[in-house]
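Here is the structure we will look at.
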Amino acid sequence: MKKFFIVGGAGYIGSHVVKLIGEQIKDAEILVFDNLSNGHKDAVLYGNIIQGDVRNYEELYKAIKKFKPDIVLDFASLIIVPESVEKPLEYYEVNTMGVLNLLKAMRDAGIYKLIFSSTAAVYGNPKKVPIPEDAPLKPINPYGKSKLMAEELIKDASVAYSIQYGILRYFNVAGASPDLKIGDKHNTTSHLIPIVLQTALGIRPKMQIYGTDYPTHDGTAIRDYIHVMDLADIHLKLIDYLFESGKSDIFNCGYGRGFSVKEVINAAKKVVGKDFKVENANRRAGDPPILVADSSKLQKTLNWKPKYNNIETIIEHAYKFMLKNF
Ligand code: UFG
């Protein structure tokens with residue numbers, strides 16, 4: 001039996017990982033620790049949940065000490081890039097100090113395995129695309145910096161206290177569980193696919209394309225969109241890898257191919273079967289032109305094979321989940 005302490009497990013990505021662990025790992029015992037600021041209790045389909053905050057060391061320590069997990073997974077983050085520019089200290093408090101508290105609590109409770117959710121934002125404006133894990137780390141916004149600092153804390157703690165880690169740098173996560181039990185429930189979003197779908201459903205009267213003069217084939221920015229269920233599956237593969245190999249490592253999580261904003265909008269029009277109003281607008285501050293993962297290390301080391309590598313499938317699952325919760 002393995003015990004999983006899942007910080008931020010009631011949120012969008014965390015809840016999909018909880019679901020997959022619950023379904024696929026026999027005798028898994030799950031405890032979710034979440035402050036429910038963006039998470040939802042009813043998204044936690046397996047295990048128990050306690051309400052707590054990563055900014056509070058005592059709460060974390062008590063919960064970890066009592067539960068004695070075999071491994072900790074950390075999904076608790078603030079994730080909106082423009083908001084991180086407006087409120088940098090809040091971002092460092094949750095995304096960096098939260099990890100400091102978590103590492104302290106793990107050290108003090110004698111827990112030595114951690115999976116951490118990082119981001120493609122640590123690469124900033126990459127020179128080489130697809131981006132390999134050893135590309136220069138030059139984040140261009142407080143969100144990316146807060147995650148990079150957390151990565152550094154983890155690496156130092158790994159050397160000093162023998163904490164074994166797996167760091168996953170997520171590219172653009174989208175979609176929902178194909179059975180539509182859980183999905184993205186963020187009320188306010190800045191992410192492209194939910195905005196496109198809200199516009200298709202008439203929740204928004206129109207949407208804007210931020211930047212049509214990028215150096216790409218159609219002038220709009222390119223991203224590597226990964227289905228949340230494929231991303232969840234990476235976590236399961238990483239859990240096995242950490243227990244079997246005893247090693248620590250960092251992996252990009254994407255498919256290694258990109259879609260432009262215009263291509264995403266056209267795919268959504270096809271999936272939804274409706275046209276909607278799209279305006280051209282200026283570039284959004286801090287947006288790199290192209291972010292595509294080199295995911296060969298992930299595929300090779302973890303023997304991971306994507307199941308939902310199709311932009312229309314990703315949009316369709318997100319759309320059906322949105323319709324169900326409309
Ligand atoms: N976009 C629009 N219109 C919108 C919303 C987004 O044109 O209404 C564009 C953005 O400008 C960007 C692309 O669609 O070019 C994707 O934007 P998202 O907000 O969906 O995602 P980001 O690429 O900005 O964010 C992702 C991750 C972050 C990570 C960041 C790194 O979600 O965690 O990449 O830049 F930090």
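In the structure tokens, chains take the letters A, B, ... in the order shown, each chain's residues start at 1, and ligands count up from 1 in the order shown.
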Note to self: What does the list of residues within 8 Å of ligand 1 look like if you count only C-alpha atoms and all ligand atoms, written as a PyMOL selection string?
What the structure shows: chain A and resi 79-81+119-122+124+143-144+170-173+190-193+195-196+207-211+220-223+260-261+283-284+286-289+291
Next item on the list: Name all residues at most 12 Å from A:Leu242 (count only C-alpha atoms; drop same-chain ones fewer than 4 positions away) and give them as a ChimeraX atom specification.
Entry: /A:70-72,112-115,163-167,235-238,246-250,301-302
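Contact shell of A:Ala200 at 8 Å (only C-alpha atoms; same-chain neighbours under 3 positions omitted): Val196, Leu197, Ile203, Arg204, Lys269, Val272, Lys274, Asp275 and Phe276 of chain A.
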Next item on the list: Enumerate as a ChimeraX atom specification all residues of stretch 210-306 of chain A assigned to alpha helix (DSSP H) by DSSP on the backbone, naming them with the chain letters and numbers the document uses.
Entry: /A:228-245,261-272,296-301
What would the file look like if the residues just selected were written as a compact mmCIF listing (two decimals), in the first residue's frame with N, CA and C atoms?
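File written: result_0.txt
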```
# COMPACT_ATOMS: atom_id res chain seq x y z
N VAL A 228 -5.17 17.08 -20.14
CA VAL A 228 -4.97 16.95 -18.69
C VAL A 228 -4.87 15.48 -18.26
N MET A 229 -5.53 14.59 -18.98
CA MET A 229 -5.49 13.16 -18.63
C MET A 229 -4.14 12.55 -18.99
N ASP A 230 -3.57 12.99 -20.13
CA ASP A 230 -2.21 12.55 -20.47
C ASP A 230 -1.22 13.09 -19.45
N LEU A 231 -1.43 14.32 -19.01
CA LEU A 231 -0.55 14.90 -18.00
C LEU A 231 -0.66 14.12 -16.68
N ALA A 232 -1.89 13.75 -16.32
CA ALA A 232 -2.09 12.97 -15.09
C ALA A 232 -1.35 11.64 -15.19
N ASP A 233 -1.42 11.04 -16.37
CA ASP A 233 -0.75 9.76 -16.59
C ASP A 233 0.78 9.88 -16.41
N ILE A 234 1.33 11.02 -16.80
CA ILE A 234 2.77 11.25 -16.61
C ILE A 234 3.12 11.15 -15.11
N HIS A 235 2.24 11.69 -14.28
CA HIS A 235 2.49 11.63 -12.83
C HIS A 235 2.54 10.18 -12.34
N LEU A 236 1.67 9.34 -12.88
CA LEU A 236 1.69 7.94 -12.46
C LEU A 236 2.97 7.24 -12.88
N LYS A 237 3.40 7.56 -14.09
CA LYS A 237 4.67 6.98 -14.57
C LYS A 237 5.83 7.48 -13.70
N LEU A 238 5.78 8.76 -13.34
CA LEU A 238 6.85 9.34 -12.52
C LEU A 238 6.87 8.73 -11.11
N ILE A 239 5.71 8.45 -10.57
CA ILE A 239 5.64 7.80 -9.24
C ILE A 239 6.41 6.47 -9.30
N ASP A 240 6.12 5.66 -10.32
CA ASP A 240 6.82 4.37 -10.46
C ASP A 240 8.32 4.59 -10.59
N TYR A 241 8.67 5.57 -11.44
CA TYR A 241 10.09 5.85 -11.69
C TYR A 241 10.82 6.23 -10.39
N LEU A 242 10.20 7.09 -9.60
CA LEU A 242 10.86 7.53 -8.37
C LEU A 242 11.07 6.35 -7.42
N PHE A 243 10.03 5.52 -7.27
CA PHE A 243 10.16 4.38 -6.34
C PHE A 243 11.14 3.33 -6.87
N GLU A 244 11.14 3.11 -8.19
CA GLU A 244 11.99 2.05 -8.74
C GLU A 244 13.45 2.47 -8.91
N SER A 245 13.66 3.71 -9.37
CA SER A 245 15.04 4.11 -9.72
C SER A 245 15.80 4.75 -8.56
N VAL A 261 -2.75 30.33 -32.09
CA VAL A 261 -4.05 30.78 -31.54
C VAL A 261 -5.13 30.63 -32.61
N LYS A 262 -4.82 31.03 -33.85
CA LYS A 262 -5.83 30.91 -34.92
C LYS A 262 -6.21 29.46 -35.17
N GLU A 263 -5.25 28.57 -35.11
CA GLU A 263 -5.55 27.14 -35.32
C GLU A 263 -6.44 26.60 -34.21
N VAL A 264 -6.21 27.04 -32.99
CA VAL A 264 -7.06 26.60 -31.87
C VAL A 264 -8.48 27.11 -32.07
N ILE A 265 -8.60 28.37 -32.48
CA ILE A 265 -9.93 28.95 -32.69
C ILE A 265 -10.66 28.19 -33.81
N ASN A 266 -9.97 27.90 -34.89
CA ASN A 266 -10.61 27.17 -36.00
C ASN A 266 -11.00 25.76 -35.59
N ALA A 267 -10.13 25.10 -34.82
CA ALA A 267 -10.47 23.75 -34.34
C ALA A 267 -11.72 23.81 -33.45
N ALA A 268 -11.80 24.85 -32.61
CA ALA A 268 -12.97 24.98 -31.72
C ALA A 268 -14.24 25.24 -32.52
N LYS A 269 -14.13 26.03 -33.57
CA LYS A 269 -15.31 26.30 -34.41
C LYS A 269 -15.82 24.99 -35.01
N LYS A 270 -14.89 24.13 -35.39
CA LYS A 270 -15.25 22.83 -35.97
C LYS A 270 -15.90 21.93 -34.91
N VAL A 271 -15.29 21.85 -33.74
CA VAL A 271 -15.81 20.98 -32.67
C VAL A 271 -17.19 21.43 -32.23
N VAL A 272 -17.35 22.73 -32.03
CA VAL A 272 -18.61 23.27 -31.50
C VAL A 272 -19.66 23.40 -32.61
N SER A 296 11.18 14.38 -25.61
CA SER A 296 11.81 13.07 -25.88
C SER A 296 12.33 12.43 -24.59
N LYS A 297 12.83 13.25 -23.67
CA LYS A 297 13.34 12.69 -22.41
C LYS A 297 12.21 12.00 -21.63
N LEU A 298 11.08 12.67 -21.59
CA LEU A 298 9.90 12.13 -20.91
C LEU A 298 9.47 10.80 -21.52
N GLN A 299 9.37 10.79 -22.85
CA GLN A 299 8.88 9.59 -23.54
C GLN A 299 9.86 8.43 -23.34
N LYS A 300 11.16 8.76 -23.37
CA LYS A 300 12.17 7.70 -23.28
C LYS A 300 12.33 7.21 -21.83
N THR A 301 12.53 8.15 -20.91
CA THR A 301 12.85 7.75 -19.53
C THR A 301 11.65 7.15 -18.82
```
Note to self: Report as a ChimeraX atom specification all protein, DNA and RNA residues lying within 10 Å of stretch 34-49 of chain A, evaluated on only C-alpha atoms, omitting residues in the same chain fewer than 4 positions from it.
What the structure shows: /A:4-23,28-30,53-55,75-78,181-188
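All residues of protein, DNA or RNA that reach within 10 Å of A:Tyr123, judged by only C-alpha atoms and not counting those fewer than 4 positions away in the chain, are Thr119, Lys127, Ile131, Pro132, Glu133, Asp134, Ala135, Pro136, Leu137, Lys138, Pro139, Ile140, Gly144, Lys145, Leu148, Arg169, Pro288 and Leu291 of chain A.
Running DSSP on the backbone and keeping only strand (DSSP E), the residues of stretch 175-312 of chain A that qualify are Met207, Gln208, Ile209, Tyr210, Ile222, Arg223, Tyr225, Ile226, His227, Asp249, Ile250, Phe251, Asn252, Cys253, Phe259, Ser260, Val278, Glu279, Asn280, Ala281, Ile290 and Leu291 of chain A.
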